[in-house]
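Asker: To be precise about what I am sending: the file is called protein-v1.txt and holds compact mmCIF, N, CA and C atoms.
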```
# COMPACT_ATOMS: atom_id res chain seq x y z
N ALA A 8 -23.70 0.42 -1.16
CA ALA A 8 -23.12 -0.20 0.02
C ALA A 8 -21.62 -0.36 -0.19
N ILE A 9 -20.87 -0.13 0.85
CA ILE A 9 -19.43 -0.28 0.80
C ILE A 9 -19.08 -1.74 1.08
N PRO A 10 -18.26 -2.34 0.21
CA PRO A 10 -17.91 -3.74 0.46
C PRO A 10 -17.01 -3.86 1.68
N SER A 11 -17.12 -5.00 2.36
CA SER A 11 -16.23 -5.24 3.49
C SER A 11 -14.85 -5.54 2.96
N LEU A 12 -13.87 -4.80 3.44
CA LEU A 12 -12.49 -5.02 3.00
C LEU A 12 -11.69 -5.77 4.07
N THR A 13 -12.32 -6.08 5.18
CA THR A 13 -11.63 -6.79 6.26
C THR A 13 -11.16 -8.15 5.75
N GLY A 14 -9.86 -8.37 5.84
CA GLY A 14 -9.30 -9.65 5.43
C GLY A 14 -9.12 -9.79 3.93
N ALA A 15 -9.45 -8.74 3.17
CA ALA A 15 -9.33 -8.82 1.71
C ALA A 15 -7.86 -8.77 1.29
N SER A 16 -7.60 -9.27 0.11
CA SER A 16 -6.24 -9.29 -0.41
C SER A 16 -5.78 -7.88 -0.79
N ASP A 17 -4.47 -7.74 -0.95
CA ASP A 17 -3.90 -6.45 -1.37
C ASP A 17 -4.52 -5.99 -2.68
N ASP A 18 -4.72 -6.92 -3.62
CA ASP A 18 -5.31 -6.57 -4.91
C ASP A 18 -6.69 -5.94 -4.75
N ILE A 19 -7.49 -6.48 -3.84
CA ILE A 19 -8.85 -5.97 -3.61
C ILE A 19 -8.77 -4.57 -2.99
N HIS A 20 -7.90 -4.39 -2.00
CA HIS A 20 -7.74 -3.06 -1.39
C HIS A 20 -7.27 -2.05 -2.44
N PHE A 21 -6.31 -2.44 -3.25
CA PHE A 21 -5.78 -1.54 -4.28
C PHE A 21 -6.87 -1.19 -5.29
N ALA A 22 -7.62 -2.19 -5.75
CA ALA A 22 -8.69 -1.95 -6.72
C ALA A 22 -9.76 -1.03 -6.14
N HIS A 23 -10.13 -1.23 -4.87
CA HIS A 23 -11.14 -0.39 -4.25
C HIS A 23 -10.65 1.06 -4.16
N ALA A 24 -9.42 1.25 -3.70
CA ALA A 24 -8.87 2.60 -3.59
C ALA A 24 -8.78 3.26 -4.96
N SER A 25 -8.39 2.50 -5.97
CA SER A 25 -8.29 3.06 -7.32
C SER A 25 -9.66 3.46 -7.85
N THR A 26 -10.64 2.58 -7.66
CA THR A 26 -11.99 2.85 -8.14
C THR A 26 -12.61 4.06 -7.47
N THR A 27 -12.35 4.22 -6.19
CA THR A 27 -12.93 5.32 -5.43
C THR A 27 -12.02 6.55 -5.40
N GLN A 28 -10.90 6.47 -6.11
CA GLN A 28 -9.93 7.56 -6.22
C GLN A 28 -9.45 8.04 -4.85
N GLN A 29 -9.12 7.07 -3.99
CA GLN A 29 -8.59 7.37 -2.66
C GLN A 29 -7.13 6.95 -2.58
N ALA A 30 -6.31 7.80 -2.01
CA ALA A 30 -4.92 7.43 -1.76
C ALA A 30 -4.90 6.36 -0.67
N MET A 31 -3.87 5.53 -0.70
CA MET A 31 -3.73 4.46 0.28
C MET A 31 -2.57 4.74 1.22
N LEU A 32 -2.73 4.34 2.46
CA LEU A 32 -1.65 4.36 3.44
C LEU A 32 -1.40 2.91 3.82
N THR A 33 -0.14 2.47 3.71
CA THR A 33 0.15 1.06 3.97
C THR A 33 1.48 0.87 4.68
N TYR A 34 1.51 -0.18 5.51
CA TYR A 34 2.76 -0.65 6.10
C TYR A 34 3.34 -1.78 5.23
N ASN A 35 2.58 -2.21 4.25
CA ASN A 35 2.97 -3.31 3.37
C ASN A 35 3.62 -2.73 2.11
N ALA A 36 4.73 -2.06 2.30
CA ALA A 36 5.35 -1.30 1.21
C ALA A 36 5.74 -2.17 0.02
N ALA A 37 6.34 -3.30 0.25
CA ALA A 37 6.85 -4.12 -0.86
C ALA A 37 5.74 -4.57 -1.80
N ASP A 38 4.64 -5.08 -1.24
CA ASP A 38 3.55 -5.56 -2.09
C ASP A 38 2.87 -4.42 -2.84
N PHE A 39 2.71 -3.27 -2.18
CA PHE A 39 2.04 -2.16 -2.85
C PHE A 39 2.96 -1.46 -3.84
N LEU A 40 4.26 -1.54 -3.64
CA LEU A 40 5.19 -1.02 -4.66
C LEU A 40 5.05 -1.85 -5.93
N GLN A 41 4.91 -3.15 -5.78
CA GLN A 41 4.71 -4.02 -6.94
C GLN A 41 3.40 -3.68 -7.64
N LEU A 42 2.31 -3.49 -6.89
CA LEU A 42 1.03 -3.11 -7.49
C LEU A 42 1.13 -1.75 -8.18
N HIS A 43 1.85 -0.83 -7.58
CA HIS A 43 2.06 0.49 -8.18
C HIS A 43 2.78 0.35 -9.53
N ARG A 44 3.79 -0.48 -9.58
CA ARG A 44 4.53 -0.67 -10.83
C ARG A 44 3.67 -1.32 -11.90
N GLN A 45 2.78 -2.21 -11.50
CA GLN A 45 1.88 -2.87 -12.45
C GLN A 45 0.75 -1.97 -12.92
N HIS A 46 0.30 -1.09 -12.04
CA HIS A 46 -0.87 -0.23 -12.32
C HIS A 46 -0.56 1.18 -11.81
N PRO A 47 0.23 1.96 -12.55
CA PRO A 47 0.68 3.26 -12.05
C PRO A 47 -0.38 4.36 -11.98
N GLU A 48 -1.56 4.11 -12.52
CA GLU A 48 -2.60 5.14 -12.46
C GLU A 48 -3.51 4.87 -11.26
N HIS A 49 -3.28 5.62 -10.20
CA HIS A 49 -4.06 5.49 -8.97
C HIS A 49 -3.96 6.82 -8.23
N ALA A 50 -4.65 6.93 -7.12
CA ALA A 50 -4.70 8.19 -6.37
C ALA A 50 -3.47 8.42 -5.50
N GLY A 51 -2.57 7.46 -5.44
CA GLY A 51 -1.35 7.60 -4.66
C GLY A 51 -1.24 6.54 -3.58
N ILE A 52 -0.01 6.14 -3.31
CA ILE A 52 0.27 5.17 -2.26
C ILE A 52 1.27 5.80 -1.31
N LEU A 53 0.90 5.86 -0.04
CA LEU A 53 1.75 6.40 1.01
C LEU A 53 2.24 5.21 1.83
N ALA A 54 3.51 4.91 1.74
CA ALA A 54 4.06 3.71 2.37
C ALA A 54 4.89 4.07 3.60
N VAL A 55 4.81 3.22 4.59
CA VAL A 55 5.60 3.37 5.80
C VAL A 55 6.45 2.11 5.95
N TYR A 56 7.76 2.28 5.89
CA TYR A 56 8.67 1.16 6.10
C TYR A 56 8.95 1.04 7.59
N GLN A 57 8.97 -0.21 8.09
CA GLN A 57 9.18 -0.45 9.50
C GLN A 57 10.36 -1.39 9.72
N ASP A 58 11.04 -1.19 10.85
CA ASP A 58 12.11 -2.08 11.27
C ASP A 58 11.63 -3.03 12.36
N ASN A 59 10.35 -2.89 12.74
CA ASN A 59 9.79 -3.63 13.87
C ASN A 59 10.60 -3.39 15.14
N ASP A 60 11.05 -2.14 15.28
CA ASP A 60 11.77 -1.68 16.46
C ASP A 60 11.07 -0.41 16.92
N PRO A 61 10.37 -0.46 18.04
CA PRO A 61 9.62 0.72 18.50
C PRO A 61 10.46 1.99 18.60
N ALA A 62 11.75 1.86 18.81
CA ALA A 62 12.61 3.04 18.91
C ALA A 62 12.86 3.67 17.54
N LYS A 63 12.69 2.90 16.46
CA LYS A 63 12.97 3.41 15.11
C LYS A 63 11.72 3.60 14.26
N ASP A 64 10.69 2.80 14.50
CA ASP A 64 9.49 2.85 13.67
C ASP A 64 8.74 4.17 13.85
N MET A 65 8.08 4.61 12.78
CA MET A 65 7.30 5.84 12.84
C MET A 65 6.08 5.65 13.73
N THR A 66 5.81 6.64 14.56
CA THR A 66 4.59 6.64 15.36
C THR A 66 3.46 7.19 14.49
N TYR A 67 2.24 7.11 14.99
CA TYR A 67 1.12 7.70 14.25
C TYR A 67 1.34 9.20 14.07
N ALA A 68 1.85 9.85 15.09
CA ALA A 68 2.12 11.29 14.98
C ALA A 68 3.19 11.57 13.92
N ASP A 69 4.21 10.72 13.84
CA ASP A 69 5.23 10.86 12.80
C ASP A 69 4.62 10.73 11.41
N ILE A 70 3.70 9.78 11.27
CA ILE A 70 3.05 9.55 9.97
C ILE A 70 2.22 10.76 9.57
N VAL A 71 1.45 11.28 10.51
CA VAL A 71 0.62 12.46 10.22
C VAL A 71 1.51 13.64 9.82
N ARG A 72 2.60 13.85 10.55
CA ARG A 72 3.52 14.94 10.23
C ARG A 72 4.16 14.72 8.84
N ALA A 73 4.54 13.49 8.54
CA ALA A 73 5.15 13.20 7.24
C ALA A 73 4.17 13.43 6.09
N ILE A 74 2.91 13.09 6.29
CA ILE A 74 1.90 13.36 5.26
C ILE A 74 1.78 14.86 5.03
N GLY A 75 1.75 15.62 6.11
CA GLY A 75 1.71 17.08 5.99
C GLY A 75 2.93 17.62 5.27
N ASN A 76 4.10 17.08 5.59
CA ASN A 76 5.33 17.52 4.92
C ASN A 76 5.29 17.19 3.43
N LEU A 77 4.81 15.99 3.10
CA LEU A 77 4.69 15.60 1.69
C LEU A 77 3.73 16.55 0.97
N GLU A 78 2.58 16.81 1.58
CA GLU A 78 1.61 17.73 0.97
C GLU A 78 2.23 19.12 0.78
N HIS A 79 3.01 19.54 1.76
CA HIS A 79 3.62 20.87 1.72
C HIS A 79 4.60 21.04 0.55
N THR A 80 5.18 19.94 0.09
CA THR A 80 6.12 20.03 -1.05
C THR A 80 5.39 20.42 -2.33
N GLY A 81 4.10 20.14 -2.40
CA GLY A 81 3.34 20.49 -3.59
C GLY A 81 3.40 19.47 -4.72
N VAL A 82 4.10 18.36 -4.52
CA VAL A 82 4.16 17.34 -5.57
C VAL A 82 2.80 16.65 -5.66
N PRO A 83 2.43 16.22 -6.85
CA PRO A 83 1.16 15.50 -6.97
C PRO A 83 1.25 14.13 -6.29
N ILE A 84 0.30 13.82 -5.45
CA ILE A 84 0.26 12.53 -4.75
C ILE A 84 -0.20 11.44 -5.72
N ALA A 85 -1.19 11.77 -6.54
CA ALA A 85 -1.78 10.80 -7.47
C ALA A 85 -0.71 10.20 -8.38
N GLY A 86 -0.79 8.90 -8.53
CA GLY A 86 0.13 8.18 -9.40
C GLY A 86 1.49 7.92 -8.79
N GLY A 87 1.72 8.42 -7.57
CA GLY A 87 3.03 8.26 -6.95
C GLY A 87 3.05 7.19 -5.88
N PHE A 88 4.24 6.68 -5.65
CA PHE A 88 4.49 5.79 -4.53
C PHE A 88 5.43 6.55 -3.61
N TRP A 89 4.95 6.94 -2.46
CA TRP A 89 5.69 7.83 -1.56
C TRP A 89 6.05 7.12 -0.27
N SER A 90 7.34 7.05 0.03
CA SER A 90 7.80 6.53 1.32
C SER A 90 7.72 7.67 2.33
N LEU A 91 6.82 7.56 3.27
CA LEU A 91 6.66 8.62 4.27
C LEU A 91 7.88 8.73 5.17
N ASN A 92 8.68 7.68 5.26
CA ASN A 92 9.90 7.74 6.06
C ASN A 92 10.82 8.86 5.59
N ALA A 93 10.78 9.17 4.31
CA ALA A 93 11.64 10.21 3.74
C ALA A 93 11.14 11.62 4.03
N PHE A 94 9.93 11.73 4.59
CA PHE A 94 9.34 13.05 4.84
C PHE A 94 9.22 13.37 6.32
N GLN A 95 10.10 12.80 7.11
CA GLN A 95 10.11 13.06 8.55
C GLN A 95 11.07 14.21 8.85
N TRP A 96 10.57 15.40 8.91
CA TRP A 96 11.39 16.54 9.31
C TRP A 96 10.57 17.48 10.14
```
How does the structure come out when it is put into structure tokens?
Answerer:
Amino acid sequence: AIPSLTGASDDIHFAHASTTQQAMLTYNAADFLQLHRQHPEHAGILAVYQDNDPAKDMTYADIVRAIGNLEHTGVPIAGGFWSLNAFQW
């Protein structure tokens, strides 16, 4: 059975993703950057930084395109902390 992660702390989400070897996508970049630095062995963290300005923030389509661009570079996702904002082209 999959545990309910609704309302769980960042630590619980991070531990679950690490245990199941799943990369994470987060808008909570600062907290997950700290977790990445403490525990660098994971499947990867894909972070989206926001300005809380709809004119500047990445849309879902922007995020999907940035993930594709990151994958296209060929760099290993695992163990990395990737700001998707840098892959918008």
Asker: Considering only alpha helix (DSSP H) as DSSP defines it on the backbone, what residues of chain A qualify? List them as a short mmCIF file (atom, residue, chain, number, x, y, z; two decimals) with N, CA and C atoms, in the coordinates of the input.
Answerer:
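Final output, states_39.cif:
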```
data_model
loop_
_atom_site.label_atom_id
_atom_site.label_comp_id
_atom_site.auth_asym_id
_atom_site.auth_seq_id
_atom_site.Cartn_x
_atom_site.Cartn_y
_atom_site.Cartn_z
N ASP A 17 -4.47 -7.74 -0.95
CA ASP A 17 -3.90 -6.45 -1.37
C ASP A 17 -4.52 -5.99 -2.68
N ASP A 18 -4.72 -6.92 -3.62
CA ASP A 18 -5.31 -6.57 -4.91
C ASP A 18 -6.69 -5.94 -4.75
N ILE A 19 -7.49 -6.48 -3.84
CA ILE A 19 -8.85 -5.97 -3.61
C ILE A 19 -8.77 -4.57 -2.99
N HIS A 20 -7.90 -4.39 -2.00
CA HIS A 20 -7.74 -3.06 -1.39
C HIS A 20 -7.27 -2.05 -2.44
N PHE A 21 -6.31 -2.44 -3.25
CA PHE A 21 -5.78 -1.54 -4.28
C PHE A 21 -6.87 -1.19 -5.29
N ALA A 22 -7.62 -2.19 -5.75
CA ALA A 22 -8.69 -1.95 -6.72
C ALA A 22 -9.76 -1.03 -6.14
N HIS A 23 -10.13 -1.23 -4.87
CA HIS A 23 -11.14 -0.39 -4.25
C HIS A 23 -10.65 1.06 -4.16
N ALA A 24 -9.42 1.25 -3.70
CA ALA A 24 -8.87 2.60 -3.59
C ALA A 24 -8.78 3.26 -4.96
N SER A 25 -8.39 2.50 -5.97
CA SER A 25 -8.29 3.06 -7.32
C SER A 25 -9.66 3.46 -7.85
N THR A 26 -10.64 2.58 -7.66
CA THR A 26 -11.99 2.85 -8.14
C THR A 26 -12.61 4.06 -7.47
N ALA A 36 4.73 -2.06 2.30
CA ALA A 36 5.35 -1.30 1.21
C ALA A 36 5.74 -2.17 0.02
N ALA A 37 6.34 -3.30 0.25
CA ALA A 37 6.85 -4.12 -0.86
C ALA A 37 5.74 -4.57 -1.80
N ASP A 38 4.64 -5.08 -1.24
CA ASP A 38 3.55 -5.56 -2.09
C ASP A 38 2.87 -4.42 -2.84
N PHE A 39 2.71 -3.27 -2.18
CA PHE A 39 2.04 -2.16 -2.85
C PHE A 39 2.96 -1.46 -3.84
N LEU A 40 4.26 -1.54 -3.64
CA LEU A 40 5.19 -1.02 -4.66
C LEU A 40 5.05 -1.85 -5.93
N GLN A 41 4.91 -3.15 -5.78
CA GLN A 41 4.71 -4.02 -6.94
C GLN A 41 3.40 -3.68 -7.64
N LEU A 42 2.31 -3.49 -6.89
CA LEU A 42 1.03 -3.11 -7.49
C LEU A 42 1.13 -1.75 -8.18
N HIS A 43 1.85 -0.83 -7.58
CA HIS A 43 2.06 0.49 -8.18
C HIS A 43 2.78 0.35 -9.53
N ARG A 44 3.79 -0.48 -9.58
CA ARG A 44 4.53 -0.67 -10.83
C ARG A 44 3.67 -1.32 -11.90
N GLN A 45 2.78 -2.21 -11.50
CA GLN A 45 1.88 -2.87 -12.45
C GLN A 45 0.75 -1.97 -12.92
N TYR A 67 2.24 7.11 14.99
CA TYR A 67 1.12 7.70 14.25
C TYR A 67 1.34 9.20 14.07
N ALA A 68 1.85 9.85 15.09
CA ALA A 68 2.12 11.29 14.98
C ALA A 68 3.19 11.57 13.92
N ASP A 69 4.21 10.72 13.84
CA ASP A 69 5.23 10.86 12.80
C ASP A 69 4.62 10.73 11.41
N ILE A 70 3.70 9.78 11.27
CA ILE A 70 3.05 9.55 9.97
C ILE A 70 2.22 10.76 9.57
N VAL A 71 1.45 11.28 10.51
CA VAL A 71 0.62 12.46 10.22
C VAL A 71 1.51 13.64 9.82
N ARG A 72 2.60 13.85 10.55
CA ARG A 72 3.52 14.94 10.23
C ARG A 72 4.16 14.72 8.84
N ALA A 73 4.54 13.49 8.54
CA ALA A 73 5.15 13.20 7.24
C ALA A 73 4.17 13.43 6.09
N ILE A 74 2.91 13.09 6.29
CA ILE A 74 1.90 13.36 5.26
C ILE A 74 1.78 14.86 5.03
N GLY A 75 1.75 15.62 6.11
CA GLY A 75 1.71 17.08 5.99
C GLY A 75 2.93 17.62 5.27
N ASN A 76 4.10 17.08 5.59
CA ASN A 76 5.33 17.52 4.92
C ASN A 76 5.29 17.19 3.43
N LEU A 77 4.81 15.99 3.10
CA LEU A 77 4.69 15.60 1.69
C LEU A 77 3.73 16.55 0.97
N GLU A 78 2.58 16.81 1.58
CA GLU A 78 1.61 17.73 0.97
C GLU A 78 2.23 19.12 0.78
N HIS A 79 3.01 19.54 1.76
CA HIS A 79 3.62 20.87 1.72
C HIS A 79 4.60 21.04 0.55
N THR A 80 5.18 19.94 0.09
CA THR A 80 6.12 20.03 -1.05
C THR A 80 5.39 20.42 -2.33
#
```
Asker: Apply DSSP to the backbone of this structure and, from chain A, keep only the residues in strand (DSSP E or B); write these as a list in words.
Answerer: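 Written out, the strand (DSSP E or B) residues of chain A are Met31, Leu32, Thr33, Ile52, Leu53, Ala54, Phe88, Trp89 and Ser90 of chain A.
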Asker: By how many Å are CA of Ala22 in chain A and CA of His43 in chain A apart?
Answerer: 11.1 Å
Asker: Determine, counting all atoms listed in the file, which protein, DNA and RNA residues have an atom within 7 Å of an atom of range 80-88 of chain A; residues of the same chain fewer than 6 positions away are not included. Present the result as a list of chain:residue names.
Answerer: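 Selected residues are A:Leu40, A:His43, A:Pro47, A:Glu48, A:His49, A:Ala50, A:Gly51, A:Ile52, A:Leu53, A:Ala54.
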Asker: By how many Å are CA of Phe94 in chain A and atom C of Thr27 in chain A apart?
Answerer: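 About the pair CA of Phe94 in chain A and atom C of Thr27 in chain A: they are 24.6 Å apart.
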Asker: When you draw a straight line from CA of Gly14 in chain A to CA of Tyr56 in chain A, how long is it in Å?
Answerer: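 Interatomic distance, CA of Gly14 in chain A to CA of Tyr56 in chain A: 21.0 Å.
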Asker: For Ile19 in chain A, which of A:Ile74, A:Ala62, A:Leu42, A:Ala68 is the closest residue, counting only C-alpha atoms?
Answerer: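 Closest to Ile19 in chain A of all the choices is A:Leu42.
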Asker: Under the rule that all atoms listed in the file are counted, which of A:Ala30, A:Thr13, A:Asn92, A:Phe39 is the nearest residue to Met65 in chain A?
Answerer: A:Asn92
Asker: Point out the residue among A:Ala93, A:Met31, A:Val55, A:Ala24 with the least atom-to-atom distance to Leu77 in chain A, counting all atoms listed in the file.
Answerer: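 Closest candidate: A:Ala93.
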Asker: Counting all atoms listed in the file, which residue out of A:Ser25, A:Arg44, A:Ser16, A:Ser90 sits closest to Ala73 in chain A?
Answerer: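 Using all atoms listed in the file, the shortest distance to Ala73 in chain A belongs to A:Ser90.
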Asker: Which centre and which edge lengths, in Å to one decimal, describe the axis-aligned box that holds all listed atoms of range 39-57 of chain A after 4 Å is added on each side, as JSON?
Answerer:
```
{"center_x": 2.8, "center_y": 2.2, "center_z": -1.6, "size_x": 23.1, "size_y": 20.4, "size_z": 30.6}
```
Asker: Check the smallest atom-to-atom distance from each of A:Gln29, A:Asp38, A:Val71, A:Glu78 to Asp17 in chain A using all atoms listed in the file, then report the winner.
Answerer: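 Smallest distance to Asp17 in chain A is found for A:Asp38.
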Asker: Reconstruct range 67-83 of chain A at the level of N, CA, C and O atoms, and format the result as a short mmCIF file (atom, residue, chain, number, x, y, z; two decimals), in the frame of the given file.
Answerer:
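So part_34.cif came out as:
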```cif
data_model
loop_
_atom_site.label_atom_id
_atom_site.label_comp_id
_atom_site.auth_asym_id
_atom_site.auth_seq_id
_atom_site.Cartn_x
_atom_site.Cartn_y
_atom_site.Cartn_z
N TYR A 67 2.24 7.11 14.99
CA TYR A 67 1.12 7.70 14.25
C TYR A 67 1.34 9.20 14.07
O TYR A 67 1.06 9.74 13.00
N ALA A 68 1.85 9.85 15.09
CA ALA A 68 2.12 11.29 14.98
C ALA A 68 3.19 11.57 13.92
O ALA A 68 3.08 12.54 13.17
N ASP A 69 4.21 10.72 13.84
CA ASP A 69 5.23 10.86 12.80
C ASP A 69 4.62 10.73 11.41
O ASP A 69 4.96 11.47 10.48
N ILE A 70 3.70 9.78 11.27
CA ILE A 70 3.05 9.55 9.97
C ILE A 70 2.22 10.76 9.57
O ILE A 70 2.29 11.22 8.43
N VAL A 71 1.45 11.28 10.51
CA VAL A 71 0.62 12.46 10.22
C VAL A 71 1.51 13.64 9.82
O VAL A 71 1.22 14.33 8.84
N ARG A 72 2.60 13.85 10.55
CA ARG A 72 3.52 14.94 10.23
C ARG A 72 4.16 14.72 8.84
O ARG A 72 4.27 15.65 8.05
N ALA A 73 4.54 13.49 8.54
CA ALA A 73 5.15 13.20 7.24
C ALA A 73 4.17 13.43 6.09
O ALA A 73 4.56 13.95 5.03
N ILE A 74 2.91 13.09 6.29
CA ILE A 74 1.90 13.36 5.26
C ILE A 74 1.78 14.86 5.03
O ILE A 74 1.74 15.33 3.89
N GLY A 75 1.75 15.62 6.11
CA GLY A 75 1.71 17.08 5.99
C GLY A 75 2.93 17.62 5.27
O GLY A 75 2.82 18.51 4.43
N ASN A 76 4.10 17.08 5.59
CA ASN A 76 5.33 17.52 4.92
C ASN A 76 5.29 17.19 3.43
O ASN A 76 5.69 18.01 2.59
N LEU A 77 4.81 15.99 3.10
CA LEU A 77 4.69 15.60 1.69
C LEU A 77 3.73 16.55 0.97
O LEU A 77 4.04 17.05 -0.11
N GLU A 78 2.58 16.81 1.58
CA GLU A 78 1.61 17.73 0.97
C GLU A 78 2.23 19.12 0.78
O GLU A 78 1.99 19.77 -0.23
N HIS A 79 3.01 19.54 1.76
CA HIS A 79 3.62 20.87 1.72
C HIS A 79 4.60 21.04 0.55
O HIS A 79 4.80 22.15 0.07
N THR A 80 5.18 19.94 0.09
CA THR A 80 6.12 20.03 -1.05
C THR A 80 5.39 20.42 -2.33
O THR A 80 6.02 20.93 -3.25
N GLY A 81 4.10 20.14 -2.40
CA GLY A 81 3.34 20.49 -3.59
C GLY A 81 3.40 19.47 -4.72
O GLY A 81 2.80 19.68 -5.77
N VAL A 82 4.10 18.36 -4.52
CA VAL A 82 4.16 17.34 -5.57
C VAL A 82 2.80 16.65 -5.66
O VAL A 82 2.09 16.53 -4.67
N PRO A 83 2.43 16.22 -6.85
CA PRO A 83 1.16 15.50 -6.97
C PRO A 83 1.25 14.13 -6.29
O PRO A 83 2.19 13.38 -6.54
#
```
